[in-house]
Amino acid sequence: MEWEIVIGLEVHVQLSTESKLFSGASTRFGAAPNTQACAVDLAMPGTLPVPNEQAFRYAIMFGLAMNAEISKRSVFERKNYFYPDLPKGYQTTQLEQPIVGAGEVEIHLEDGGSKKVRLHHAHLEEDAGKSLHEDFHGMSGIDLNRAGTPLIEIVSEPDMRSAAEAVAYLRKIHSIVTYLGISDGDMSQGSLRCDANVSVRLKGEEKLGTRTELKNINSFRFVERAIKVEAERQIDILEDGGSIEQETRLYDADKNETRSMRSKEVANDYRYFPCPDLLPVVLTEEYIEQLRKELPELPDTKAERFQSEFNLSAYDADQLTQDRDSAEYFETVCKSCGEPKLAANWITGELAALLNRKEISIAESPVSATQLAGLITRIKDNTISSKIAKQVFEAICEGEGSADDIIEKRGLKQVSDTGAIEKMVDEVIAASDAQVDNYRRADESKRPKMMGYFVGQIMKASKGQANPQMINKILKEKLDALL
Amino acid sequence: MAVDTQTVEKLAELARIAISNATIEEVSSRLGDILQLVDQLQAINTDGVIPMAHPLDEVQTLRADAVTETDQRNSFLSLAPQSDEGLYLVPKVID
């Protein structure tokens, strides 16, 4: 039997406003507990919420970037449930009339393909506080600093068909919100969180299978693993003749399994109703159009421009535009050295490997864009070979200064002096009687390959500093003269 | 529409309201009366009427994104039955 996995994602994105969605308390991350929870956030009697305009602007910018309908009239509702990190006893959110309606976004897959994923809607809501379950005299500790922080919840249609597609979609959302500057998108700090609705069905079947909702998947890697392991679980049950129960499941990254979160309590019934404390928010067409005009260049447009302006491959352009910092880094390097292809290779190659190894972002790179451009300039003008360039790159990482400083200090300048290279070639030929003999006797078509040995020896003699093009030319002349 | 006592018990649990066995019959019957009034409203044809989100025919004012609140943690914590290390303490809750 061939099974098809069907996935829809609900992504929560914390908006990087200064103050909360309904109060003037700060949203700064990492403050001492409860120092940023004011009377409104704590639901003190007599307080009234006033919505933050910036949160609306950010939500609208997101909607415009997703080619979505923007609601000129949106309404806040109360979602009622009891939990200690929710002091009001309800979450103020949107249901019937969310700020962002249906839209769609194109995702890029690793095999080079792409597909469209539809957005069901996105709405504004407030975040809850945090419960700390360490031992506080057998009680739970509550920190309400996060309570009231603005979120957009982004709900996709069930359009994804593999864990890889779900990751590609999540990366796209991450890329869009960080390009727009509406969120830092940091999954490790909970700025971007993801729940996945997963079901399976036989290939060709139109009806959707019963889905489960996976919670608590807080990294791109876990999204992929959680979906895979949950789909396998469902397929095993169905192949054994069982049926799937619609429920919420928690992904356990340590055990790489999902487990039921079902509690003995009555199933949640949120009893939504329009919030009487808040009036409908009405925005004009001009307001929305003004925001559309102010949108920055988005990843897809940037990737197209990189292909046409810098002649990059679709793959390189996609790699370099996944986040705004990488794209800016690339453009700075390019502007300064005028070598887009070399710049792309170095950024997606050596630099990416370095950042990966150090587990840091490109914004924290120990090699600045100007330093990398300086290095590339010296490769381009043949001052150093690509091999030596790697050595210089390492030295820049270690803080030894600019490429020029390092080349000078370590005497790495490529030898392009004809006399010096001729001398090295002569020495190697003189010391390689057997190889020279072989070369002379070999068929002409095999000779270019046989030159490799000599080139290697000469490079070694020059400590990698001899100009390879010149070696090739001089060596060939000298060997052919012996024929 | 009549409301059975089971529905009342479920609603009471969702709303975290204690209703004693002695009063549950009375509560059910009073809720039933309210719902009868709702039934009359439901009978009205509302085709083409936009649902009203708020009784006032006004639109919401938005505020500028600025931090205007200062830290008053100690005053708020002093109202709580129990606190420790700046946290409000509540009976242990785990999903």
# chains A, B, ... in the order shown; residues from 1 in each chain; ligands from 1
$ closest_atom_pairs --of "chain B" --to "chain A" --cutoff "12 Å" --atoms "only C-alpha atoms" --output "CSV"
residue,atom,partner,partner_atom,distance
B:Glu9,CA,A:Val266,CA,11.0
B:Lys10,CA,A:Val266,CA,7.9
B:Leu11,CA,A:Asp269,CA,9.4
B:Ala12,CA,A:Val266,CA,11.3
B:Glu13,CA,A:Val266,CA,8.2
B:Leu14,CA,A:Tyr81,CA,7.5
B:Ala15,CA,A:Tyr81,CA,8.0
B:Arg16,CA,A:Phe82,CA,8.2
B:Ile17,CA,A:Phe82,CA,11.8
B:Ile50,CA,A:Gln97,CA,11.8
B:Pro51,CA,A:Glu96,CA,10.2
B:Met52,CA,A:Pro274,CA,9.0
B:Ala53,CA,A:Pro274,CA,5.8
B:His54,CA,A:Leu279,CA,6.2
B:Pro55,CA,A:Pro276,CA,8.6
B:Leu56,CA,A:Leu279,CA,7.9
B:Asp57,CA,A:Leu279,CA,8.6
B:Glu58,CA,A:Leu279,CA,6.8
B:Val59,CA,A:Pro280,CA,5.4
B:Gln60,CA,A:Leu279,CA,4.7
B:Thr61,CA,A:Val50,CA,7.3
B:Leu62,CA,A:Pro51,CA,5.2
B:Arg63,CA,A:Asn52,CA,5.1
B:Ala64,CA,A:Glu53,CA,5.8
B:Asp65,CA,A:Asn52,CA,5.7
B:Ala66,CA,A:Ser19,CA,5.7
B:Val67,CA,A:Gly24,CA,4.7
B:Thr68,CA,A:Gly24,CA,4.8
B:Glu69,CA,A:Ala25,CA,5.0
B:Thr70,CA,A:Ala25,CA,7.3
B:Asp71,CA,A:Thr35,CA,5.1
B:Gln72,CA,A:Thr35,CA,6.9
B:Arg73,CA,A:Thr35,CA,5.4
B:Asn74,CA,A:Thr35,CA,8.7
B:Ser75,CA,A:Ala39,CA,10.4
B:Phe76,CA,A:Ala39,CA,8.2
B:Leu77,CA,A:Asn34,CA,8.8
B:Leu79,CA,A:Met44,CA,10.8
B:Ala80,CA,A:Leu42,CA,11.4
B:Gln82,CA,A:Met139,CA,9.7
B:Ser83,CA,A:Gly141,CA,7.9
B:Asp84,CA,A:Phe136,CA,7.7
B:Glu85,CA,A:Pro33,CA,8.1
B:Gly86,CA,A:Pro33,CA,5.7
B:Leu87,CA,A:Ile142,CA,5.3
B:Tyr88,CA,A:Ile142,CA,5.0
B:Leu89,CA,A:Gly141,CA,4.7
B:Val90,CA,A:Ser140,CA,5.4
B:Pro91,CA,A:Met139,CA,5.0
B:Lys92,CA,A:Met139,CA,4.5
B:Val93,CA,A:Ser140,CA,6.6
B:Ile94,CA,A:His133,CA,7.4
B:Asp95,CA,A:Met261,CA,7.2
$ residues_around --residues "segment 383-387 of chain A" --least-positions-apart "4" --cutoff "10 Å" --atoms "only C-alpha atoms" --output "JSON, numbers by chain"
{"A": [375, 376, 377, 378, 379, 391, 392, 404, 407, 412, 413, 414, 415, 416, 464, 465, 466, 467, 468]}
$ atom_distance --atom1 "atom CA of Ile7 of chain A" --atom2 "atom CA of Asp323 of chain A"
24.4 Å
$ residues_around --residues "Thr5 of chain B" --least-positions-apart "5" --cutoff "9 Å" --atoms "only C-alpha atoms" --output "VMD selection string"
chain B and resid 10 24 to 25 27 to 28
$ write_last_selection --atoms "C-alpha atoms" --output "mmCIF file, in the first residue's frame"
data_model
loop_
_atom_site.group_PDB
_atom_site.id
_atom_site.type_symbol
_atom_site.label_atom_id
_atom_site.label_comp_id
_atom_site.auth_asym_id
_atom_site.auth_seq_id
_atom_site.Cartn_x
_atom_site.Cartn_y
_atom_site.Cartn_z
ATOM 1 C CA LYS B 10 -20.369 20.603 32.168
ATOM 2 C CA ILE B 24 -28.710 22.495 40.223
ATOM 3 C CA GLU B 25 -32.386 21.920 39.330
ATOM 4 C CA VAL B 27 -30.155 26.720 37.822
ATOM 5 C CA SER B 28 -31.191 24.413 34.978
#
$ residues_around --residues "Ser156 of chain A" --least-positions-apart "2" --cutoff "8 Å" --atoms "only C-alpha atoms" --output "VMD selection string"
chain A and resid 8 to 10 117 to 121 154 158 to 159
$ select_by_dssp --residues "segment 56-140 of chain A" --states "helix (DSSP H, G or I)" --output "list in words"
Phe56, Arg57, Tyr58, Ala59, Ile60, Met61, Phe62, Gly63, Leu64 and Ala65 of chain A
$ atom_distance --atom1 "atom CA of Gly103 of chain A" --atom2 "atom CA of Val49 of chain B"
26.7 Å
$ residues_around --residues "segment 298-302 of chain A" --least-positions-apart "2" --cutoff "8 Å" --atoms "only C-alpha atoms" --output "NGL selection string"
:A and (65 or 175-176 or 179-180 or 295-296 or 304-306 or 321-324)
$ write_last_selection --atoms "C-alpha atoms" --output "JSON list (two decimals), in the first residue's frame"
[["chain", "number", "residue", "atom", "x", "y", "z"],
["A", 65, "ALA", "CA", 3.98, 39.44, 1.63],
["A", 175, "SER", "CA", 12.50, 34.07, 5.84],
["A", 176, "ILE", "CA", 9.50, 36.35, 5.18],
["A", 179, "TYR", "CA", 12.98, 40.06, 5.83],
["A", 180, "LEU", "CA", 10.03, 42.18, 6.88],
["A", 295, "LEU", "CA", 7.45, 46.64, 1.84],
["A", 296, "PRO", "CA", 11.15, 45.76, 1.51],
["A", 304, "GLU", "CA", 15.31, 36.58, -9.13],
["A", 305, "ARG", "CA", 17.34, 39.76, -9.10],
["A", 306, "PHE", "CA", 20.47, 37.89, -7.96],
["A", 321, "THR", "CA", 18.46, 34.94, -0.08],
["A", 322, "GLN", "CA", 17.08, 32.63, 2.59],
["A", 323, "ASP", "CA", 17.81, 35.23, 5.22],
["A", 324, "ARG", "CA", 18.22, 38.93, 4.93]]
$ atom_distance --atom1 "atom CA of Tyr315 of chain A" --atom2 "atom CA of Leu351 of chain A"
16.8 Å
$ select_by_dssp --residues "chain B" --states "strand (DSSP E)" --output "VMD selection string"
chain B and resid 83 to 84 87 to 91
$ residues_around --residues "segment 358-374 of chain A" --least-positions-apart "3" --cutoff "12 Å" --atoms "only C-alpha atoms" --output "ChimeraX atom specification"
/A:186,320,322-340,342-348,350-355,377-381,383-384,389-390,392-407
